[in-house]
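Peer 1: Right, I'll just put the structure down here and ask away after.
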Amino acid sequence: MNHRSSACLVVLVLACGPVKAPEHDSDAAVAVFDGAPPDAFVADGCPTDPCVVNPFASTGEDGPFAPDTDTVLAPGLYNFTTITIPAGIRVTTASNARLDLRATGPVVIDGVIDVSGADGGDGGVGGGGCRNGGGGGGATGDVLAVADDGTVECGVPGAGGAAASGNDGGEQGGSVCFNQGGNSGGGAGGSTCVGAGGGGGFAGGGGGAGYDSAFGGAGASFGGASGGAGGTAHNPAGTPATPGQGGVASGAYGGRDGLANAGCTGSYPGSNGGGGSIGSIAATDLAVATTFYVGSGGGGGGGQCDLCNAGGGTGSGGGGGGGGALRVASGRSIAIGATGVLAANGGDGGRGGAYAGSAGGGGGSGGVIYLSAPSIEVAAGGSLTAIGGTGGLATDGAADCGRGGAGGIGRIRLSVGPGACALDGAFDPPLADGCTASAAPAKVYVAEYPD
């Protein structure tokens, strides 16, 4: 008897029990998948090679996935046989923003899978009287959910994954804008004089404060990850404004604080929003072992407070949404062609309105991209990106009032077999050393399949 075959048989028996992953179209599965924290799933079937345990095996029950037009998949887990995305085709998802795409056979991506966050809306002068124009917050992981520019008094906060919402900014002068904090998505920008809410998620950016308002809303803190503090207001006594702070995480993963707006002290300025981050917990789990999390939104900018002078005040920019979470796994191979794109980027913060002193929203953080297969090829021209969004400018060029803080970077993780790896495309965060195993911070995490 061949001893190796016997050993493989033992492994097969131990590894292939009747374990079933949650269905993506059942209520119970959604509750498990979109609960927080959304830990990685258990293996759900037998591996192609009985000597290698496939950590993300597909049952194949959803058949082949080969869209011939742009497609929006509901968030959740899919068990395909093969995945083929042609050039010119774009696959996106909705604002719960976690896609787990598994295949028994090959995956070929010449098109786009985009779970990036939406940009925050720009501030503007709307029709709401003397207090108007806060830009909406960008949605997390739903790049198609375009935030509204400021045309009414109260901007709409961005939607996102299951987590705590960012806090609302302190009101001023009887404003009715009480709900600016986003749920993982970016905080809405402040209308005239109103402090904006922070982005939600696990570590959202803090919102800027409106001129002479109480405070900007803090970003959400959840599960040990901390959001950024809200900004403070410039007031008539001359105390300068401070911007919203970025969501807390180490190094490049942390959201950046909004920039100070000292150049706008004579224009009744609001303060700028901070950028979102993936949070301190996710930043210590570069292997994405237990933190298959979406990113966090940026804080909205605080409202400029010229009231009814000079034709009325103006609102500020909303925070960008965080990048979503994307996993693509195959029991055979993943090939990303020269036109193939995987993106989990944070949305940009919206800019302030036309009057000097309106503030910019913070950018959303990057999310996560996780590829797992015995063979992975990324051709020259293909790209994988999970970067943070830029902060919005504080005015429309009327003065130098700084800008919102940028979102922190996200994570890219690859699990690939030795000698079956070709990574010639572009990566951001970048590769440390091609296909060589690496766990360096702010780089692509590379491990040997099936780890």
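How things are named: the first chain in the structure tokens is A, the next is B, and so on; residues count from 1 in each chain; ligands count from 1 in the order shown.
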What's around A:Thr395 at 7 Å? Count only C-alpha atoms, leave out sequence neighbours fewer than 4 positions away in its own chain, and write the answer as a ChimeraX atom specification.

Peer 2: /A:351-359,399,401

Peer 1: Could the residues in this selection be saved with C-alpha atoms as an mmCIF file, in the first residue's frame?

Peer 2:
data_model
loop_
_atom_site.group_PDB
_atom_site.id
_atom_site.type_symbol
_atom_site.label_atom_id
_atom_site.label_comp_id
_atom_site.auth_asym_id
_atom_site.auth_seq_id
_atom_site.Cartn_x
_atom_site.Cartn_y
_atom_site.Cartn_z
ATOM 1 C CA ARG A 351 -15.510 69.803 -0.248
ATOM 2 C CA GLY A 352 -16.887 72.834 1.497
ATOM 3 C CA GLY A 353 -19.288 75.212 -0.202
ATOM 4 C CA ALA A 354 -18.664 78.512 -1.927
ATOM 5 C CA TYR A 355 -18.104 80.768 1.095
ATOM 6 C CA ALA A 356 -14.735 80.907 2.803
ATOM 7 C CA GLY A 357 -14.904 79.059 6.095
ATOM 8 C CA SER A 358 -16.973 76.092 4.998
ATOM 9 C CA ALA A 359 -15.181 72.877 5.878
ATOM 10 C CA ALA A 399 -9.392 81.173 1.141
ATOM 11 C CA CYS A 401 -8.928 76.851 5.081
#

Peer 1: Give me the residues near A:Leu286 as JSON, numbers by chain, where near means some atom within 8 Å (using only C-alpha atoms) and where sequence neighbours in that chain fewer than 5 positions away do not count.

Peer 2: {"A": [411, 413, 439, 441, 445]}

Peer 1: Using atom CA of A:Ser375 and atom CA of A:Ala287 as the two end points, give the distance in Å to one decimal.

Peer 2: 18.3 Å

Peer 1: Within 7 Å of A:Gly322, counting only C-alpha atoms, which residues show up once you throw out same-chain ones fewer than 3 positions away? Write them as a ChimeraX atom specification, please.

Peer 2: /A:117,140-141,184-185,294-297,346-347,364-367

Peer 1: Looking at only C-alpha atoms, which of A:Thr284, A:Thr192, A:Thr232, A:Ser438 is the one that sits closest to A:Cys305?

Peer 2: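 Closest to A:Cys305, using only C-alpha atoms: A:Thr192.
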